[in-house]
>>> print(open('model_6.txt').read())   # compact mmCIF, C-alpha atoms and all ligand atoms
# COMPACT_ATOMS: atom_id res chain seq x y z
CA MET Q 1 11.09 -3.84 20.12
CA ILE Q 2 13.45 -4.65 22.92
CA THR Q 3 16.19 -2.24 21.80
CA LEU Q 4 13.74 0.62 21.57
CA GLN Q 5 12.28 -0.24 24.94
CA ASN Q 6 15.73 -0.04 26.51
CA ASN Q 7 16.99 3.02 24.66
CA ASP Q 8 13.90 5.21 24.55
CA PRO Q 9 11.19 4.04 26.92
CA GLU Q 10 9.08 7.19 26.36
CA VAL Q 11 8.67 6.56 22.65
CA TRP Q 12 8.39 2.81 23.18
CA ARG Q 13 5.54 3.31 25.66
CA ALA Q 14 3.66 5.58 23.25
CA ILE Q 15 4.03 3.00 20.47
CA GLN Q 16 2.83 0.18 22.75
CA ALA Q 17 -0.12 2.29 23.84
CA GLU Q 18 -0.96 3.07 20.21
CA LYS Q 19 -0.86 -0.63 19.33
CA GLU Q 20 -3.26 -1.34 22.18
CA ARG Q 21 -5.51 1.55 21.17
CA GLN Q 22 -5.77 0.16 17.66
CA GLN Q 23 -6.52 -3.33 18.97
CA ASN Q 24 -9.11 -2.19 21.51
CA THR Q 25 -11.15 0.36 19.56
CA ILE Q 26 -13.44 0.15 16.55
CA ASP Q 27 -11.86 2.26 13.80
CA LEU Q 28 -14.34 3.63 11.28
CA ILE Q 29 -12.10 6.30 9.76
CA ALA Q 30 -12.60 5.74 6.04
CA ALA Q 31 -9.03 6.77 5.16
CA GLU Q 32 -7.40 4.30 7.53
CA ASN Q 33 -6.61 0.62 7.41
CA ILE Q 34 -4.43 -1.97 9.11
CA CYS Q 35 -1.45 -3.04 7.05
CA SER Q 36 0.12 -6.43 7.64
CA LEU Q 37 3.09 -7.14 9.88
CA ALA Q 38 5.05 -8.03 6.73
CA VAL Q 39 4.43 -4.51 5.41
CA GLN Q 40 5.40 -3.06 8.78
CA GLU Q 41 8.58 -5.14 8.91
CA ALA Q 42 9.63 -3.89 5.46
CA GLN Q 43 8.86 -0.33 6.46
CA GLY Q 44 10.78 -0.66 9.71
CA SER Q 45 13.83 -2.07 7.91
CA SER Q 46 17.37 -0.81 7.26
CA MET Q 47 16.31 0.40 3.83
CA THR Q 48 15.51 3.66 5.62
CA ASN Q 49 19.29 4.24 5.74
CA LYS Q 50 19.79 4.33 2.01
CA TYR Q 51 19.99 7.37 -0.21
CA ALA Q 52 18.79 6.50 -3.71
CA GLU Q 53 18.15 9.72 -5.62
CA GLY Q 54 17.18 8.86 -9.17
CA TYR Q 55 15.56 5.66 -10.42
CA ALA Q 56 16.53 1.98 -10.41
CA ARG Q 57 19.76 1.26 -12.32
CA ARG Q 58 20.42 4.99 -12.77
CA ARG Q 59 21.00 6.38 -9.29
CA TRP Q 60 23.23 9.17 -8.12
CA TYR Q 61 24.70 7.10 -5.31
CA ALA Q 62 26.62 3.84 -5.11
CA GLY Q 63 25.31 0.83 -3.23
CA CYS Q 64 21.78 0.90 -4.61
CA GLY Q 65 21.49 -2.72 -5.85
CA ASN Q 66 19.13 -3.90 -3.13
CA VAL Q 67 16.89 -0.85 -3.10
CA ASP Q 68 16.72 -1.12 -6.90
CA THR Q 69 15.36 -4.64 -6.44
CA VAL Q 70 12.48 -3.50 -4.23
CA GLU Q 71 11.62 -0.48 -6.37
CA GLU Q 72 11.51 -2.66 -9.49
CA LEU Q 73 9.32 -5.20 -7.68
CA ALA Q 74 6.95 -2.45 -6.51
CA ILE Q 75 6.63 -1.03 -10.02
CA ALA Q 76 6.16 -4.41 -11.73
CA ARG Q 77 3.50 -5.47 -9.20
CA ALA Q 78 1.61 -2.18 -9.41
CA LYS Q 79 1.58 -2.45 -13.22
CA GLN Q 80 0.20 -5.96 -12.95
CA ILE Q 81 -2.52 -4.99 -10.46
CA PHE Q 82 -3.77 -1.89 -12.25
CA GLY Q 83 -2.73 -2.56 -15.85
CA ALA Q 84 -0.86 0.75 -15.91
CA GLU Q 85 1.56 1.65 -18.68
CA HIS Q 86 3.90 3.49 -16.32
CA VAL Q 87 4.16 3.64 -12.53
CA ASN Q 88 6.12 5.88 -10.18
CA VAL Q 89 6.18 4.63 -6.58
CA GLN Q 90 8.32 7.41 -5.12
CA PRO Q 91 5.75 10.05 -4.03
CA HIS Q 92 5.94 10.37 -0.25
CA ALA Q 93 2.15 10.68 -0.01
CA GLY Q 94 -0.98 11.20 -2.05
CA SER Q 95 -0.63 14.98 -1.97
CA GLN Q 96 2.86 14.77 -3.48
CA ALA Q 97 1.55 12.47 -6.22
CA ASN Q 98 -1.09 15.06 -7.11
CA MET Q 99 1.43 17.88 -6.93
CA ALA Q 100 3.76 16.07 -9.31
CA VAL Q 101 0.99 15.64 -11.88
CA CYS Q 102 -0.12 19.27 -11.57
CA PHE Q 103 3.44 20.57 -11.90
CA THR Q 104 4.03 18.30 -14.89
CA VAL Q 105 1.15 19.51 -17.03
CA LEU Q 106 -0.04 22.84 -15.63
CA LYS Q 107 1.40 26.33 -15.53
CA PRO Q 108 0.50 28.69 -12.69
CA GLY Q 109 -2.83 30.29 -13.53
CA ASP Q 110 -4.13 27.33 -15.54
CA ARG Q 111 -7.56 26.11 -14.58
CA ILE Q 112 -8.43 22.79 -12.97
CA LEU Q 113 -11.91 21.42 -12.46
CA GLY Q 114 -12.23 19.32 -9.33
CA MET Q 115 -14.80 18.27 -6.78
CA ASP Q 116 -15.74 20.76 -4.09
CA LEU Q 117 -14.12 19.88 -0.75
CA SER Q 118 -17.41 20.35 1.09
CA HIS Q 119 -19.03 17.86 -1.28
CA GLY Q 120 -16.36 15.21 -0.79
CA GLY Q 121 -13.36 16.43 -2.79
CA HIS Q 122 -9.77 16.62 -1.51
CA LEU Q 123 -7.60 19.57 -0.45
CA THR Q 124 -5.32 19.00 -3.45
CA HIS Q 125 -8.24 19.41 -5.87
CA GLY Q 126 -8.42 23.17 -5.43
CA PHE Q 127 -8.78 24.14 -1.75
CA LYS Q 128 -7.76 27.79 -1.37
CA LYS Q 129 -5.07 27.19 1.25
CA ASN Q 130 -3.58 24.24 -0.65
CA PHE Q 131 -0.97 24.64 -3.41
CA SER Q 132 -3.70 23.68 -5.87
CA GLY Q 133 -5.90 26.58 -4.80
CA THR Q 134 -3.12 29.15 -4.65
CA MET Q 135 -1.36 28.29 -7.92
CA TYR Q 136 -4.28 27.52 -10.19
CA GLU Q 137 -7.64 28.90 -11.18
CA ILE Q 138 -10.24 26.60 -9.71
CA ALA Q 139 -13.59 25.47 -10.99
CA GLN Q 140 -15.61 23.05 -8.88
CA TYR Q 141 -18.39 20.55 -9.29
CA GLY Q 142 -20.42 18.95 -6.54
CA VAL Q 143 -23.28 16.58 -5.95
CA LYS Q 144 -26.95 17.20 -6.64
CA LYS Q 145 -28.85 18.52 -3.67
CA ASP Q 146 -31.78 16.14 -3.97
CA THR Q 147 -29.84 12.95 -4.74
CA GLY Q 148 -26.34 13.30 -3.31
CA TYR Q 149 -24.97 11.96 -6.61
CA ILE Q 150 -22.55 13.72 -8.96
CA ASP Q 151 -24.56 15.22 -11.80
CA TYR Q 152 -22.46 14.53 -14.89
CA ASP Q 153 -24.50 16.87 -17.06
CA GLU Q 154 -23.59 19.61 -14.59
CA VAL Q 155 -19.91 18.59 -14.64
CA ARG Q 156 -20.05 18.80 -18.41
CA SER Q 157 -21.68 22.21 -18.49
CA ILE Q 158 -19.17 23.62 -15.95
CA ALA Q 159 -16.36 22.16 -18.06
CA VAL Q 160 -17.77 23.68 -21.24
CA LYS Q 161 -18.14 27.05 -19.52
CA THR Q 162 -14.78 27.15 -17.70
CA LYS Q 163 -12.53 25.31 -20.20
CA PRO Q 164 -10.22 23.68 -17.64
CA LYS Q 165 -6.78 22.44 -18.59
CA MET Q 166 -7.31 19.38 -16.39
CA ILE Q 167 -10.33 17.64 -14.87
CA ILE Q 168 -9.90 15.71 -11.63
CA ALA Q 169 -12.17 12.85 -10.62
CA GLY Q 170 -11.78 11.41 -7.16
CA ALA Q 171 -12.90 12.12 -3.62
CA SER Q 172 -12.38 11.59 0.05
CA ALA Q 173 -16.03 11.45 1.01
CA TYR Q 174 -18.15 10.38 -1.96
CA PRO Q 175 -20.06 7.15 -1.39
CA ARG Q 176 -20.98 6.33 -4.99
CA VAL Q 177 -19.30 4.79 -8.03
CA LEU Q 178 -17.34 7.28 -10.09
CA ASP Q 179 -18.12 7.17 -13.80
CA PHE Q 180 -14.61 7.41 -15.23
CA PRO Q 181 -15.59 6.86 -18.89
CA ARG Q 182 -17.98 9.78 -18.54
CA PHE Q 183 -15.27 12.03 -17.10
CA ARG Q 184 -13.00 11.01 -20.01
CA LYS Q 185 -15.70 11.94 -22.48
CA ILE Q 186 -16.21 15.35 -20.89
CA ALA Q 187 -12.45 15.96 -20.81
CA ASP Q 188 -12.17 15.07 -24.50
CA GLU Q 189 -15.06 17.32 -25.40
CA VAL Q 190 -13.37 20.38 -23.84
CA GLY Q 191 -9.79 19.39 -24.66
CA ALA Q 192 -8.79 18.84 -21.03
CA LEU Q 193 -6.44 16.33 -19.49
CA PHE Q 194 -8.04 13.81 -17.15
CA MET Q 195 -6.58 12.85 -13.79
CA ALA Q 196 -8.25 10.24 -11.58
CA ASP Q 197 -7.32 10.33 -7.89
CA ILE Q 198 -8.11 6.93 -6.40
CA ALA Q 199 -6.49 7.61 -3.01
CA HIS Q 200 -9.53 6.26 -1.18
CA ILE Q 201 -10.69 3.51 -3.52
CA ALA Q 202 -7.40 2.05 -4.81
CA GLY Q 203 -7.93 -1.17 -2.83
CA LEU Q 204 -11.45 -1.52 -4.16
CA VAL Q 205 -10.14 -1.00 -7.69
CA ALA Q 206 -7.35 -3.54 -7.14
CA GLY Q 207 -9.86 -6.02 -5.74
CA GLY Q 208 -12.43 -5.52 -8.48
CA ALA Q 209 -14.95 -3.84 -6.18
CA HIS Q 210 -14.91 -0.51 -8.08
CA PRO Q 211 -14.32 0.12 -11.81
CA SER Q 212 -10.79 1.17 -12.73
CA PRO Q 213 -9.98 4.59 -14.20
CA VAL Q 214 -6.57 3.48 -15.45
CA PRO Q 215 -7.62 2.76 -19.06
CA TYR Q 216 -9.34 6.17 -19.29
CA ALA Q 217 -7.20 8.60 -17.32
CA ASP Q 218 -4.03 10.31 -18.49
CA PHE Q 219 -2.90 10.16 -14.86
CA THR Q 220 -4.12 8.03 -11.98
CA THR Q 221 -2.79 9.01 -8.57
CA SER Q 222 -3.22 7.22 -5.29
CA THR Q 223 -2.18 6.80 -1.73
CA THR Q 224 -0.98 3.36 -0.73
CA HIS Q 225 -2.25 3.38 2.86
CA LYS Q 226 -6.03 3.65 2.56
CA THR Q 227 -8.10 0.76 1.15
CA LEU Q 228 -4.95 -0.48 -0.61
CA ARG Q 229 -3.67 -1.52 2.85
CA GLY Q 230 -0.01 -0.66 2.37
CA PRO Q 231 2.40 1.71 4.09
CA ARG Q 232 1.73 5.46 4.27
CA GLY Q 233 2.72 6.73 0.83
CA GLY Q 234 1.72 7.72 -2.68
CA MET Q 235 2.03 6.56 -6.29
CA ILE Q 236 1.37 7.78 -9.82
CA MET Q 237 0.22 5.76 -12.82
CA CYS Q 238 0.20 7.30 -16.28
CA LYS Q 239 0.28 6.68 -19.99
CA SER Q 240 3.76 5.93 -21.36
CA LYS Q 241 3.96 9.25 -23.15
CA TYR Q 242 4.07 11.08 -19.80
CA ALA Q 243 6.48 8.64 -18.13
CA LYS Q 244 9.66 10.66 -18.48
CA GLN Q 245 8.07 13.96 -17.49
CA ILE Q 246 6.36 12.48 -14.43
CA ASP Q 247 9.52 10.76 -13.25
CA SER Q 248 11.60 13.89 -13.53
CA MET Q 249 8.94 15.98 -11.80
CA VAL Q 250 8.83 13.60 -8.80
CA PHE Q 251 12.65 13.62 -8.69
CA PRO Q 252 14.35 16.07 -8.93
CA GLY Q 253 11.25 18.27 -9.44
CA ILE Q 254 9.58 18.10 -6.04
CA GLN Q 255 11.33 15.42 -3.99
CA GLY Q 256 14.85 14.42 -3.06
CA GLY Q 257 15.78 10.93 -1.94
CA PRO Q 258 12.94 8.41 -2.10
CA PHE Q 259 11.87 6.60 1.10
CA MET Q 260 13.25 3.18 0.14
CA HIS Q 261 11.90 1.52 3.30
CA ALA Q 262 8.42 2.74 2.32
CA ILE Q 263 8.92 1.57 -1.26
CA ALA Q 264 9.93 -1.88 0.01
CA ALA Q 265 6.73 -1.90 2.06
CA LYS Q 266 4.71 -0.81 -0.99
CA ALA Q 267 6.12 -3.81 -2.89
CA VAL Q 268 4.99 -6.14 -0.10
CA ALA Q 269 1.52 -4.59 0.01
CA PHE Q 270 1.17 -4.92 -3.77
CA LYS Q 271 2.00 -8.62 -3.56
CA GLU Q 272 -0.71 -9.01 -0.92
CA ALA Q 273 -3.16 -7.06 -3.10
CA MET Q 274 -2.94 -9.77 -5.76
CA THR Q 275 -4.25 -12.50 -3.45
CA ASP Q 276 -7.81 -13.84 -3.41
CA GLU Q 277 -7.98 -13.05 0.31
CA PHE Q 278 -7.39 -9.36 -0.48
CA LYS Q 279 -10.01 -9.32 -3.24
CA GLN Q 280 -12.59 -10.93 -0.98
CA CYS Q 281 -11.75 -8.43 1.74
CA GLN Q 282 -12.40 -5.51 -0.64
CA HIS Q 283 -15.81 -6.89 -1.62
CA GLN Q 284 -16.61 -7.52 2.04
CA THR Q 285 -15.62 -3.93 2.84
CA VAL Q 286 -18.38 -2.73 0.48
CA LYS Q 287 -20.87 -5.26 1.89
CA ASN Q 288 -20.15 -4.07 5.42
CA ALA Q 289 -20.58 -0.41 4.47
CA ARG Q 290 -23.87 -1.21 2.71
CA ALA Q 291 -25.16 -3.21 5.69
CA MET Q 292 -24.33 -0.43 8.12
CA ALA Q 293 -25.79 2.32 5.92
CA GLN Q 294 -29.01 0.32 5.51
CA GLU Q 295 -29.21 -0.19 9.26
CA PHE Q 296 -28.88 3.55 9.84
CA VAL Q 297 -31.64 4.21 7.33
CA LYS Q 298 -33.82 1.72 9.21
CA MET Q 299 -33.06 3.52 12.47
CA GLY Q 300 -34.27 6.80 10.95
CA TYR Q 301 -31.00 8.47 10.00
CA THR Q 302 -30.42 10.50 6.85
CA ILE Q 303 -27.59 9.04 4.78
CA VAL Q 304 -26.15 11.25 2.02
CA SER Q 305 -27.30 9.77 -1.31
CA GLY Q 306 -29.32 7.20 0.63
CA GLY Q 307 -26.57 4.60 0.92
CA THR Q 308 -23.24 3.59 -0.53
CA ASP Q 309 -21.49 1.71 -3.33
CA ASN Q 310 -18.05 1.75 -1.72
CA HIS Q 311 -16.22 1.63 1.60
CA LEU Q 312 -17.77 4.71 3.19
CA PHE Q 313 -20.94 6.67 3.80
CA LEU Q 314 -21.94 9.98 5.36
CA ILE Q 315 -24.55 10.50 8.05
CA ASP Q 316 -26.36 13.82 7.91
CA LEU Q 317 -26.96 14.70 11.57
CA ARG Q 318 -29.05 17.81 10.91
CA SER Q 319 -32.24 16.03 11.90
CA LYS Q 320 -30.59 14.81 15.14
CA LYS Q 321 -29.83 17.02 18.10
CA ILE Q 322 -26.07 16.61 17.80
CA THR Q 323 -23.26 18.13 15.73
CA GLY Q 324 -20.56 16.16 13.97
CA LYS Q 325 -17.98 17.18 16.55
CA GLU Q 326 -20.16 16.22 19.51
CA ALA Q 327 -20.86 12.89 17.85
CA GLN Q 328 -17.16 12.27 17.22
CA LEU Q 329 -16.25 13.05 20.83
CA ALA Q 330 -19.08 11.03 22.39
CA LEU Q 331 -18.21 8.03 20.20
CA GLU Q 332 -14.51 8.33 21.06
CA ARG Q 333 -15.42 8.12 24.75
CA ALA Q 334 -17.15 4.83 23.89
CA ASP Q 335 -14.08 3.53 21.97
CA ILE Q 336 -15.55 4.05 18.51
CA ILE Q 337 -13.22 6.17 16.40
CA LEU Q 338 -14.45 8.16 13.39
CA ASN Q 339 -14.35 11.70 12.06
CA ARG Q 340 -16.77 14.58 11.73
CA ASN Q 341 -17.30 15.61 8.14
CA THR Q 342 -19.06 18.25 6.14
CA ILE Q 343 -22.11 17.06 4.29
CA PRO Q 344 -23.04 18.55 0.91
CA TYR Q 345 -25.09 21.73 1.33
CA ASP Q 346 -24.31 21.85 5.07
CA GLU Q 347 -26.10 24.68 6.93
CA ALA Q 348 -24.73 28.14 6.41
CA GLY Q 349 -22.47 28.79 9.39
CA ALA Q 350 -21.40 25.16 9.64
CA SER Q 351 -17.65 25.22 9.14
CA ALA Q 352 -15.18 22.48 8.31
CA ASN Q 353 -14.47 22.40 12.03
CA GLU Q 354 -18.12 22.29 13.10
CA PRO Q 355 -19.86 20.30 10.38
CA ASN Q 356 -23.17 18.52 10.67
CA GLY Q 357 -22.10 15.11 9.55
CA ILE Q 358 -19.93 12.12 10.34
CA ARG Q 359 -18.11 9.87 7.89
CA ILE Q 360 -18.11 6.12 8.45
CA GLY Q 361 -15.73 3.77 6.67
CA THR Q 362 -15.33 0.02 6.86
CA PRO Q 363 -11.78 -0.80 5.65
CA THR Q 364 -10.27 -1.36 9.09
CA ILE Q 365 -13.09 -3.38 10.61
CA THR Q 366 -13.17 -5.54 7.48
CA SER Q 367 -9.41 -6.09 7.51
CA ARG Q 368 -9.80 -7.46 11.03
CA GLY Q 369 -12.45 -9.94 9.89
CA ILE Q 370 -15.71 -8.25 10.84
CA LYS Q 371 -18.70 -9.14 8.66
CA GLU Q 372 -22.23 -7.76 8.26
CA ALA Q 373 -23.75 -9.08 11.51
CA GLU Q 374 -21.17 -7.38 13.69
CA ALA Q 375 -21.06 -4.30 11.46
CA ILE Q 376 -24.77 -3.90 12.13
CA LYS Q 377 -24.12 -4.33 15.84
CA ILE Q 378 -21.60 -1.49 15.61
CA ALA Q 379 -24.21 0.69 13.84
CA GLU Q 380 -26.61 0.01 16.72
CA CYS Q 381 -23.91 1.00 19.20
CA ILE Q 382 -23.37 4.27 17.36
CA ASP Q 383 -27.09 4.96 17.46
CA LYS Q 384 -27.16 4.35 21.22
CA VAL Q 385 -24.31 6.81 21.80
CA LEU Q 386 -25.74 9.46 19.49
CA SER Q 387 -29.13 9.20 21.19
CA GLN Q 388 -27.60 9.53 24.69
CA PRO Q 389 -24.20 11.20 24.15
CA ASN Q 390 -23.68 12.14 27.79
CA ASP Q 391 -25.10 9.08 29.48
CA ASN Q 392 -22.48 7.08 31.32
CA LYS Q 393 -24.47 3.84 31.42
CA THR Q 394 -24.93 3.93 27.64
CA LYS Q 395 -21.23 4.61 27.17
CA GLU Q 396 -20.27 1.69 29.40
CA SER Q 397 -22.65 -0.75 27.75
CA VAL Q 398 -21.30 0.22 24.31
CA GLN Q 399 -17.72 -0.07 25.52
CA LYS Q 400 -18.45 -3.63 26.61
CA ILE Q 401 -19.79 -4.59 23.18
CA VAL Q 402 -16.80 -2.90 21.51
CA LYS Q 403 -14.44 -4.81 23.77
CA ASP Q 404 -16.05 -8.15 22.87
CA ILE Q 405 -15.95 -7.45 19.13
CA CYS Q 406 -12.33 -6.26 19.31
CA SER Q 407 -11.10 -9.26 21.25
CA ALA Q 408 -12.90 -11.60 18.84
CA HIS Q 409 -11.01 -9.92 15.97
CA PRO Q 410 -7.33 -9.39 16.74
CA LEU Q 411 -5.62 -7.06 14.28
CA TYR Q 412 -2.83 -9.47 13.38
C1 LIG Q 501 -6.12 11.05 1.22
C2 LIG Q 501 -6.26 11.67 -0.10
C3 LIG Q 501 -5.17 12.25 -0.77
C4 LIG Q 501 -3.80 12.53 -0.18
O1 LIG Q 501 -3.34 11.83 0.78
P1 LIG Q 501 -2.10 12.16 1.74
O2 LIG Q 501 -1.34 10.89 1.66
O3 LIG Q 501 -2.73 12.43 3.05
O4 LIG Q 501 -1.35 13.32 1.20
C5 LIG Q 501 -5.35 12.70 -2.06
N1 LIG Q 501 -6.54 12.60 -2.66
C6 LIG Q 501 -7.61 12.09 -2.05
C7 LIG Q 501 -8.90 12.01 -2.80
C8 LIG Q 501 -7.53 11.61 -0.75
O5 LIG Q 501 -8.60 11.14 -0.15
>>> encode(input="model_6.txt", output="structure tokens", more="lines below")
Ligand SMILES: *Cc1c(COP(=O)(O)O)cnc(C)c1O
Amino acid sequence: MITLQNNDPEVWRAIQAEKERQQNTIDLIAAENICSLAVQEAQGSSMTNKYAEGYARRRWYAGCGNVDTVEELAIARAKQIFGAEHVNVQPHAGSQANMAVCFTVLKPGDRILGMDLSHGGHLTHGFKKNFSGTMYEIAQYGVKKDTGYIDYDEVRSIAVKTKPKMIIAGASAYPRVLDFPRFRKIADEVGALFMADIAHIAGLVAGGAHPSPVPYADFTTSTTHKTLRGPRGGMIMCKSKYAKQIDSMVFPGIQGGPFMHAIAAKAVAFKEAMTDEFKQCQHQTVKNARAMAQEFVKMGYTIVSGGTDNHLFLIDLRSKKITGKEAQLALERADIILNRNTIPYDEAGASANEPNGIRIGTPTITSRGIKEAEAIKIAECIDKVLSQPNDNKTKESVQKIVKDICSAHPLY
């Protein structure tokens, strides 16, 4: 980045510092990952200069031959990975993918049934300050209080009662397998459309570590930057009969020119997602999450639903003398990066800003080659910090372990 260094040292320094931060800290944010240098090179390429409103071979601008090539590659590869009938790789992010589906099939005032945000759902599934919550009537399902699992009989009875136009399956903080065939059945019973949002688990699905919704869902939306390990972005998969409508809702419905540099990077990430190395990494991600969750149970922590089937789990800190925010800050001081999170049925008075849980995800540590033994070591480090959040000696001893693990596992 020699040109950047010369021309804009302030930005260059921040980017260098961010690179070092990523290398020298343990990242347990479940929504993050480390994409390859090849993906980053594509994303940092001159394709960012190109306007390409429209779709490959039918653009509004001249000079689109090369960007057509990468968009066609991205679509063909995504179809191969997920077995989708139709793919749109233009959504700028996961939220735009969900917005495009909603705008395609719903009218303002229609009802959607999605998972409660405080039980693990996403903002775009009906949060009151999100477009989904302001434009549509919202019905919500959650997890069972005693098990932490989605209760499909309850989902069904809410669906029967509220007659939604669309049911959304998918979450940002649900540690268990989603039963897509069951959601399809419920949707059919009440005459609803079915959208699966695999933003978090797309990599697991691609790698065979979580069942795929694609055969069952009318629409499957995703981000490309979470477990899928691509550039920051979104995508939509759907049945052929919705292809035209979805495409014209993404452009010109809600977006202008697509980010062709990001689409090039998506194509690269999709090629990587077809390798055996990627598939093994996805299975290892689940193994690491399971090993850590088990270790926390052994150390006396309460884990929502008792464990995990995927890349993340939630620690309920209510039995510990620490809030989610205090835990997040104390761990950050020790170079362990994660986020506070609501837990289902959090105490009254606990807000989204002051929740009683933390969310732990293993995509990034697994991408850098960490396996169960070191994942367990990291869990022990977290326990040390949470037991002595303000003790400097504890912090320093954890920082040393973090440093050793990080230098043994360079990001690239
Ligand atoms: C992250 C996420 C999204 C949206 O992602 P952005 O790219 O941040 O807009 C949508 N749905 C779910 C379930 C998510 O976890």
>>> atom_distance(input="model_6.txt", atom1="CA of Asp110 (chain Q)", atom2="CA of Tyr149 (chain Q)")
27.4 Å
>>> residues_near_ligand(input="model_6.txt", ligand="ligand LIG 501 (chain Q)", cutoff="6 Å", atoms="all atoms listed in the file", output="tab-separated table (two decimals) with C-alpha atoms, in the coordinates of the input")
chain	number	residue	atom	x	y	z
Q	93	ALA	CA	2.15	10.68	-0.01
Q	94	GLY	CA	-0.98	11.20	-2.05
Q	95	SER	CA	-0.63	14.98	-1.97
Q	122	HIS	CA	-9.77	16.62	-1.51
Q	170	GLY	CA	-11.78	11.41	-7.16
Q	171	ALA	CA	-12.90	12.12	-3.62
Q	172	SER	CA	-12.38	11.59	0.05
Q	197	ASP	CA	-7.32	10.33	-7.89
Q	199	ALA	CA	-6.49	7.61	-3.01
Q	200	HIS	CA	-9.53	6.26	-1.18
Q	223	THR	CA	-2.18	6.80	-1.73
Q	233	GLY	CA	2.72	6.73	0.83
>>> closest_residue(input="model_6.txt", among="Q:Ala159, Q:Glu272, Q:Ile26, Q:Ile254", to="Ile360 (chain Q)", atoms="all atoms listed in the file")
Q:Ile26
>>> residues_around(input="model_6.txt", residues="region 392-405 of chain Q", least_positions_apart="3", cutoff="12 Å", atoms="all atoms listed in the file", output="ChimeraX atom specification")
/Q:20-27,329-337,365,368-371,373-389,408-411
>>> axis_aligned_box(input="model_6.txt", around="region 322-328 of chain Q", padding_each_side="3 Å", output="lines of an AutoDock Vina configuration file")
center_x = -21.6
center_y = 15.2
center_z = 16.7
size_x = 14.9
size_y = 11.9
size_z = 11.5
>>> atom_distance(input="model_6.txt", atom1="CA of Met195 (chain Q)", atom2="CA of Thr134 (chain Q)")
19.0 Å
>>> residues_around(input="model_6.txt", residues="Ile158 (chain Q)", least_positions_apart="2", cutoff="12 Å", atoms="only C-alpha atoms", output="PyMOL selection string")
chain Q and resi 111-115+138-142+151-156+160-164+167+186-187+190
>>> closest_residue(input="model_6.txt", among="Q:Ile75, Q:Ala291, Q:Cys102, Q:Ile198", to="Glu372 (chain Q)", atoms="all atoms listed in the file")
Q:Ala291
>>> atom_distance(input="model_6.txt", atom1="CA of Asn288 (chain Q)", atom2="CA of Asp146 (chain Q)")
25.1 Å
>>> residues_around(input="model_6.txt", residues="Ala62 (chain Q)", least_positions_apart="3", cutoff="10 Å", atoms="only C-alpha atoms", output="list in words")
Lys50, Tyr51, Ala52, Arg58, Arg59 and Gly65 of chain Q
>>> residues_around(input="model_6.txt", residues="Arg359 (chain Q)", least_positions_apart="2", cutoff="8 Å", atoms="only C-alpha atoms", output="PyMOL selection string")
chain Q and resi 29-30+173+312-315+338-341+357+361
>>> closest_residue(input="model_6.txt", among="Q:Val214, Q:Val11, Q:Val286, Q:Pro108", to="Lys79 (chain Q)", atoms="all atoms listed in the file")
Q:Val214
>>> closest_residue(input="model_6.txt", among="Q:Thr227, Q:Asn66, Q:Thr220, Q:Gln43", to="His283 (chain Q)", atoms="all atoms listed in the file")
Q:Thr227
>>> closest_residue(input="model_6.txt", among="Q:Met299, Q:Met237, Q:Ala265, Q:Val87", to="Glu41 (chain Q)", atoms="all atoms listed in the file")
Q:Ala265
>>> decode(input="model_6.txt", residues="region 376-385 of chain Q", atoms="N, CA and C atoms", output="PDB file, in the first residue's frame")
ATOM      1  N   ILE Q 376     -10.279 -24.428  23.707  1.00  0.00           N
ATOM      2  CA  ILE Q 376     -10.549 -24.647  25.135  1.00  0.00           C
ATOM      3  C   ILE Q 376      -9.677 -23.733  25.992  1.00  0.00           C
ATOM      4  N   LYS Q 377      -8.430 -23.563  25.568  1.00  0.00           N
ATOM      5  CA  LYS Q 377      -7.538 -22.633  26.265  1.00  0.00           C
ATOM      6  C   LYS Q 377      -8.137 -21.221  26.280  1.00  0.00           C
ATOM      7  N   ILE Q 378      -8.716 -20.833  25.150  1.00  0.00           N
ATOM      8  CA  ILE Q 378      -9.328 -19.497  25.060  1.00  0.00           C
ATOM      9  C   ILE Q 378     -10.519 -19.414  26.026  1.00  0.00           C
ATOM     10  N   ALA Q 379     -11.305 -20.483  26.097  1.00  0.00           N
ATOM     11  CA  ALA Q 379     -12.442 -20.504  27.036  1.00  0.00           C
ATOM     12  C   ALA Q 379     -11.935 -20.319  28.467  1.00  0.00           C
ATOM     13  N   GLU Q 380     -10.831 -20.971  28.797  1.00  0.00           N
ATOM     14  CA  GLU Q 380     -10.271 -20.824  30.151  1.00  0.00           C
ATOM     15  C   GLU Q 380      -9.807 -19.390  30.400  1.00  0.00           C
ATOM     16  N   CYS Q 381      -9.247 -18.780  29.367  1.00  0.00           N
ATOM     17  CA  CYS Q 381      -8.829 -17.373  29.492  1.00  0.00           C
ATOM     18  C   CYS Q 381     -10.036 -16.479  29.772  1.00  0.00           C
ATOM     19  N   ILE Q 382     -11.116 -16.724  29.053  1.00  0.00           N
ATOM     20  CA  ILE Q 382     -12.329 -15.922  29.248  1.00  0.00           C
ATOM     21  C   ILE Q 382     -12.824 -16.072  30.680  1.00  0.00           C
ATOM     22  N   ASP Q 383     -12.817 -17.312  31.163  1.00  0.00           N
ATOM     23  CA  ASP Q 383     -13.248 -17.555  32.542  1.00  0.00           C
ATOM     24  C   ASP Q 383     -12.385 -16.769  33.535  1.00  0.00           C
ATOM     25  N   LYS Q 384     -11.075 -16.788  33.305  1.00  0.00           N
ATOM     26  CA  LYS Q 384     -10.174 -16.044  34.214  1.00  0.00           C
ATOM     27  C   LYS Q 384     -10.551 -14.566  34.246  1.00  0.00           C
ATOM     28  N   VAL Q 385     -10.756 -13.982  33.068  1.00  0.00           N
ATOM     29  CA  VAL Q 385     -11.076 -12.549  33.007  1.00  0.00           C
ATOM     30  C   VAL Q 385     -12.430 -12.268  33.653  1.00  0.00           C
TER      31      VAL Q 385
END
